[in-house]
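Okay, structure first, notes after.
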Amino acid sequence: MIKALRGMKDILPPLNKKFEYFLTNASRIASNYGFEFIETPVLEETSLFKRSVGESSDIVGKEMYEFVDKGGNSVCLRPEGTAGVVRSFIQNKYDRILGVKRFFYYGPMFRYERPQKGRLRQFHQFGVECFGENNPLEDVNIILMLKEILDFFGINYSLKINSLGCDKCLPPFRQRLVKFLTDIEDGLCEDCKRRIVTNPIRVFDCKNKNCQKLLLNAPRLGSSLCEECEESFNFVKNFLNDLGIEYEVDSSLVRGLDYYTKTAFEFVSNDLGAQNAVAGGGRYDKLVEFLDGKNVPGIGFAIGIERIINLINLPQAKREGYYFGALDEKEISLLYKLAVKKRKNEKVEISYTPKNLKAHLKIADKKNVKYCVIIGENELKNSKVWIKNLDTKEEALVDMEKL
Ligand code: HAM
C-alpha cells in the first residue's frame, strides 16, 4: 500500500471542517483590515530563499526540499510564504508605486524537519504581509489583527515580543556578542559554535540547557538598540499597553528567519505541547531592497494552520439544505431532475439508491440537512413530494411544481 510521506498528512473529517472554518474567518478578518488575497507559486528559485530566509538559518541550511528540475534549474518547495510574496511584489513593480499595499495568503509550506506532534514536513500557513508602512503603528495593527483572529477562535495564548534592531545597531551588537561567545566557545554545543561564524544572534534560540546557562550573562540586543529602534520599540510597547494587550518582552526571541528587523513577535499556546508557537512574524524593512527592489519596508505574520485547528471548537452547525431520496427505482430519474432544479439555490444531497423511509430519514439526519424530500409510488402518481422539516418535525405533501 502506498502511504503519504513521513510528516505529510491528509486533512480529513472532522479537521477538514475546522480548516475551512478557520480560512473563511481569518480571511474575513484580514479583509476587514484592508488585506487582499494573493497567491504565489509553491515552487520558486532556490536562491530566493537563500537570499531572504538566509543561508545560515536552519530552514535553508537543513530543511529545504530542493532539487534540480528538468531544465537544470535549482528550485525549491517554499518553506514559508513571505519570500514569494516579496518576490512577486518586486517583480510586479508594486515597489515603484507609492502607498501601502497589504496582502494575505494561505497554502502549503515544506520543511524537511524531524516530524513530531505539531511539526510536519508539509504544513499550511495563513499569512499576511504589509508593504510601504514605516509607522510603528502598523506593528501594533498587525499584532492586533493577529490577536483578533486568535480571539475569534477562542485560543489561549501569550504574546512575546522583541526588537531585532536595524543595520545601524545590529552590526556593533553582533561584534560584542561574537567576542562574548568566543570567550565561552568551549562550553557551547556544536550548533552554537557554528553560529558564532554564521549567525551569532541565533544562539539565543538554542534549546541546549548548557548553552542557555552560559548565555545568561550574554549581551542582549534590547539594551544595544539605536535611538530610532528604541523609540519605535517603546512606541509599540506603549501602544500595546494603551490597548490593554498583554505581552512579555523576550530578549531571546530571535525568530528562525534572517530577514527580520525591529519588531518581532510570537504567539505561543500552552495547549499545544512542545511545538507551542501558533503564529509568528515581524518587520523586515530591508528585505525588498535586499531582493533588488526599492527601499520599501515590510511587516507580516504567519499562523500555522494545523496547529491552530487543533485548538478550535466548531460552533454547533445549524441544519442546512435538502436531502432527496426515492422509495423505488422508477422514481429516481424524476427525483434527480427535481433535485438539480433545487440545487441552483440550495445545498442538496441526492441519494441514487432507493431505500425505505426510515433509512432515508436516518441519513438525512446524519447529513444535518434541514429538509428531507421523498418520492414514492403514490407521490409519483399525484405529482407530489413528501417533505419533512427535520428541525420542527413538520411533514407535508407538496406539489412538485411548488417545491
Ligand atoms: P515561522 O515562525 O517560521 O514564520 O512560521 C509561522 C508559523 O508556522 C509557526 O508559528 C508555526 O505555527 C507554523 N509552523 C512552522 N513550521 C511548522 C512545521 N514544521 N509544522 C507545522 N507548523 C509549522 C514564517 O514562516 C514567516 N514567513 C512569518 C512571517 C510573515 N513573518 C513576516 N511575515
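Ordering of the C-alpha cells sets the chain letters (A, B, ...); residue numbers start at 1 within each chain; ligands are numbered from 1 in the order shown.
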
I'd like a table as JSON lines: residues in chain A with an atom no more than 9 Å from ligand 1, each row giving the shortest atom pair and its distance in Å to one decimal, only C-alpha atoms and all ligand atoms counted, sorted by chain and rising residue number.
```
{"residue": "A:Gly7", "atom": "CA", "partner": "ligand 1", "partner_atom_place_in_ligand_line": "20 (N)", "distance": 8.5}
{"residue": "A:Val53", "atom": "CA", "partner": "ligand 1", "partner_atom_place_in_ligand_line": "27 (N)", "distance": 8.5}
{"residue": "A:Ile59", "atom": "CA", "partner": "ligand 1", "partner_atom_place_in_ligand_line": "3 (O)", "distance": 8.4}
{"residue": "A:Pro79", "atom": "CA", "partner": "ligand 1", "partner_atom_place_in_ligand_line": "25 (O)", "distance": 7.2}
{"residue": "A:Glu80", "atom": "CA", "partner": "ligand 1", "partner_atom_place_in_ligand_line": "25 (O)", "distance": 4.5}
{"residue": "A:Gly81", "atom": "CA", "partner": "ligand 1", "partner_atom_place_in_ligand_line": "27 (N)", "distance": 5.2}
{"residue": "A:Thr82", "atom": "CA", "partner": "ligand 1", "partner_atom_place_in_ligand_line": "27 (N)", "distance": 4.7}
{"residue": "A:Ala83", "atom": "CA", "partner": "ligand 1", "partner_atom_place_in_ligand_line": "27 (N)", "distance": 7.4}
{"residue": "A:Met109", "atom": "CA", "partner": "ligand 1", "partner_atom_place_in_ligand_line": "17 (C)", "distance": 8.1}
{"residue": "A:Phe110", "atom": "CA", "partner": "ligand 1", "partner_atom_place_in_ligand_line": "19 (N)", "distance": 7.4}
{"residue": "A:Arg111", "atom": "CA", "partner": "ligand 1", "partner_atom_place_in_ligand_line": "19 (N)", "distance": 5.9}
{"residue": "A:Tyr112", "atom": "CA", "partner": "ligand 1", "partner_atom_place_in_ligand_line": "19 (N)", "distance": 7.8}
{"residue": "A:Glu113", "atom": "CA", "partner": "ligand 1", "partner_atom_place_in_ligand_line": "19 (N)", "distance": 6.2}
{"residue": "A:Arg114", "atom": "CA", "partner": "ligand 1", "partner_atom_place_in_ligand_line": "19 (N)", "distance": 8.2}
{"residue": "A:Pro115", "atom": "CA", "partner": "ligand 1", "partner_atom_place_in_ligand_line": "19 (N)", "distance": 7.4}
{"residue": "A:Gln116", "atom": "CA", "partner": "ligand 1", "partner_atom_place_in_ligand_line": "20 (N)", "distance": 8.5}
{"residue": "A:Lys117", "atom": "CA", "partner": "ligand 1", "partner_atom_place_in_ligand_line": "20 (N)", "distance": 8.5}
{"residue": "A:Gly118", "atom": "CA", "partner": "ligand 1", "partner_atom_place_in_ligand_line": "21 (C)", "distance": 5.3}
{"residue": "A:Arg119", "atom": "CA", "partner": "ligand 1", "partner_atom_place_in_ligand_line": "20 (N)", "distance": 3.5}
{"residue": "A:Leu120", "atom": "CA", "partner": "ligand 1", "partner_atom_place_in_ligand_line": "20 (N)", "distance": 3.9}
{"residue": "A:Arg121", "atom": "CA", "partner": "ligand 1", "partner_atom_place_in_ligand_line": "19 (N)", "distance": 5.4}
{"residue": "A:Gln122", "atom": "CA", "partner": "ligand 1", "partner_atom_place_in_ligand_line": "20 (N)", "distance": 6.9}
{"residue": "A:Phe123", "atom": "CA", "partner": "ligand 1", "partner_atom_place_in_ligand_line": "21 (C)", "distance": 5.0}
{"residue": "A:His124", "atom": "CA", "partner": "ligand 1", "partner_atom_place_in_ligand_line": "22 (N)", "distance": 6.9}
{"residue": "A:Gln125", "atom": "CA", "partner": "ligand 1", "partner_atom_place_in_ligand_line": "8 (O)", "distance": 5.7}
{"residue": "A:Phe126", "atom": "CA", "partner": "ligand 1", "partner_atom_place_in_ligand_line": "8 (O)", "distance": 8.3}
{"residue": "A:Gly127", "atom": "CA", "partner": "ligand 1", "partner_atom_place_in_ligand_line": "30 (C)", "distance": 5.8}
{"residue": "A:Val128", "atom": "CA", "partner": "ligand 1", "partner_atom_place_in_ligand_line": "30 (C)", "distance": 6.2}
{"residue": "A:Glu129", "atom": "CA", "partner": "ligand 1", "partner_atom_place_in_ligand_line": "33 (N)", "distance": 5.5}
{"residue": "A:Cys130", "atom": "CA", "partner": "ligand 1", "partner_atom_place_in_ligand_line": "33 (N)", "distance": 8.4}
{"residue": "A:Arg255", "atom": "CA", "partner": "ligand 1", "partner_atom_place_in_ligand_line": "2 (O)", "distance": 6.5}
{"residue": "A:Gly256", "atom": "CA", "partner": "ligand 1", "partner_atom_place_in_ligand_line": "3 (O)", "distance": 6.1}
{"residue": "A:Leu257", "atom": "CA", "partner": "ligand 1", "partner_atom_place_in_ligand_line": "3 (O)", "distance": 6.8}
{"residue": "A:Tyr259", "atom": "CA", "partner": "ligand 1", "partner_atom_place_in_ligand_line": "32 (C)", "distance": 8.6}
{"residue": "A:Tyr260", "atom": "CA", "partner": "ligand 1", "partner_atom_place_in_ligand_line": "32 (C)", "distance": 7.7}
{"residue": "A:Ala264", "atom": "CA", "partner": "ligand 1", "partner_atom_place_in_ligand_line": "31 (N)", "distance": 8.3}
{"residue": "A:Glu266", "atom": "CA", "partner": "ligand 1", "partner_atom_place_in_ligand_line": "10 (O)", "distance": 6.9}
{"residue": "A:Phe267", "atom": "CA", "partner": "ligand 1", "partner_atom_place_in_ligand_line": "10 (O)", "distance": 7.4}
{"residue": "A:Val268", "atom": "CA", "partner": "ligand 1", "partner_atom_place_in_ligand_line": "10 (O)", "distance": 7.9}
{"residue": "A:Gln275", "atom": "CA", "partner": "ligand 1", "partner_atom_place_in_ligand_line": "11 (C)", "distance": 7.9}
{"residue": "A:Asn276", "atom": "CA", "partner": "ligand 1", "partner_atom_place_in_ligand_line": "12 (O)", "distance": 7.6}
{"residue": "A:Ala277", "atom": "CA", "partner": "ligand 1", "partner_atom_place_in_ligand_line": "10 (O)", "distance": 4.4}
{"residue": "A:Val278", "atom": "CA", "partner": "ligand 1", "partner_atom_place_in_ligand_line": "12 (O)", "distance": 3.9}
{"residue": "A:Ala279", "atom": "CA", "partner": "ligand 1", "partner_atom_place_in_ligand_line": "10 (O)", "distance": 3.5}
{"residue": "A:Gly280", "atom": "CA", "partner": "ligand 1", "partner_atom_place_in_ligand_line": "2 (O)", "distance": 4.5}
{"residue": "A:Gly281", "atom": "CA", "partner": "ligand 1", "partner_atom_place_in_ligand_line": "31 (N)", "distance": 3.6}
{"residue": "A:Gly282", "atom": "CA", "partner": "ligand 1", "partner_atom_place_in_ligand_line": "32 (C)", "distance": 5.0}
{"residue": "A:Arg283", "atom": "CA", "partner": "ligand 1", "partner_atom_place_in_ligand_line": "32 (C)", "distance": 6.5}
{"residue": "A:Tyr284", "atom": "CA", "partner": "ligand 1", "partner_atom_place_in_ligand_line": "32 (C)", "distance": 7.1}
{"residue": "A:Gly298", "atom": "CA", "partner": "ligand 1", "partner_atom_place_in_ligand_line": "32 (C)", "distance": 8.0}
{"residue": "A:Ile299", "atom": "CA", "partner": "ligand 1", "partner_atom_place_in_ligand_line": "32 (C)", "distance": 5.6}
{"residue": "A:Gly300", "atom": "CA", "partner": "ligand 1", "partner_atom_place_in_ligand_line": "33 (N)", "distance": 3.4}
{"residue": "A:Phe301", "atom": "CA", "partner": "ligand 1", "partner_atom_place_in_ligand_line": "30 (C)", "distance": 3.5}
{"residue": "A:Ala302", "atom": "CA", "partner": "ligand 1", "partner_atom_place_in_ligand_line": "28 (C)", "distance": 4.3}
{"residue": "A:Ile303", "atom": "CA", "partner": "ligand 1", "partner_atom_place_in_ligand_line": "7 (C)", "distance": 4.7}
{"residue": "A:Gly304", "atom": "CA", "partner": "ligand 1", "partner_atom_place_in_ligand_line": "12 (O)", "distance": 3.3}
{"residue": "A:Ile305", "atom": "CA", "partner": "ligand 1", "partner_atom_place_in_ligand_line": "12 (O)", "distance": 6.9}
{"residue": "A:Glu306", "atom": "CA", "partner": "ligand 1", "partner_atom_place_in_ligand_line": "21 (C)", "distance": 6.2}
{"residue": "A:Arg307", "atom": "CA", "partner": "ligand 1", "partner_atom_place_in_ligand_line": "12 (O)", "distance": 5.9}
{"residue": "A:Ile308", "atom": "CA", "partner": "ligand 1", "partner_atom_place_in_ligand_line": "12 (O)", "distance": 7.5}
```

Among segment 225-269 of chain A, which ones does DSSP place in strand (DSSP E), written as a ChimeraX atom specification? /A:248-249,261-268

Emit the selected residues as a PDB file, in the first residue's frame, including C-alpha atoms.
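Result saved to out_38.pdb:
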```
ATOM      1  CA  GLU A 248       6.175  39.757  27.572  1.00  0.00           C
ATOM      2  CA  VAL A 249       9.407  41.227  26.220  1.00  0.00           C
ATOM      3  CA  THR A 261      14.473  43.981  11.649  1.00  0.00           C
ATOM      4  CA  LYS A 262      12.975  45.892  14.598  1.00  0.00           C
ATOM      5  CA  THR A 263       9.743  44.389  15.996  1.00  0.00           C
ATOM      6  CA  ALA A 264       9.481  40.590  16.079  1.00  0.00           C
ATOM      7  CA  PHE A 265       6.737  38.653  17.855  1.00  0.00           C
ATOM      8  CA  GLU A 266       5.348  35.199  18.529  1.00  0.00           C
ATOM      9  CA  PHE A 267       2.057  33.942  19.933  1.00  0.00           C
ATOM     10  CA  VAL A 268       2.539  30.737  21.904  1.00  0.00           C
TER      11      VAL A 268
END
```

Quote the spacing between atom CA of Ile312 of chain A and atom CA of Phe103 of chain A in Å to one decimal place.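 Separating atom CA of Ile312 of chain A from atom CA of Phe103 of chain A is a distance of 24.5 Å.
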
For segment 388-391 of chain A, work out the shell of residues within 8 Å, counting only C-alpha atoms and skipping chain neighbours fewer than 6 positions away, then give it as a list in words.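 Listing them by chain and then by number gives Arg319, Asp365, Val369, Lys370, Tyr371, Cys372 and Val373 of chain A.
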
Enumerate the residues of segment 114-287 of chain A with a DSSP assignment of helix (DSSP H, G or I), computed from the backbone, and present them as a PyMOL selection string. chain A and resi 137-152+170-183+185-187+190-198+200-205+209-217+221-224+227-242+270-272+287

Using only C-alpha atoms, find the one residue out of A:Tyr322, A:Leu327, A:Phe153, A:Arg6 that sits nearest to Glu346 of chain A. A:Tyr322

In terms of the shortest atom-to-atom distance over only C-alpha atoms, which of A:Lys209, A:Lys330, A:Lys318, A:Arg202 is closest to Ser252 of chain A?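 The shortest atom-to-atom distance to Ser252 of chain A comes from A:Arg202.
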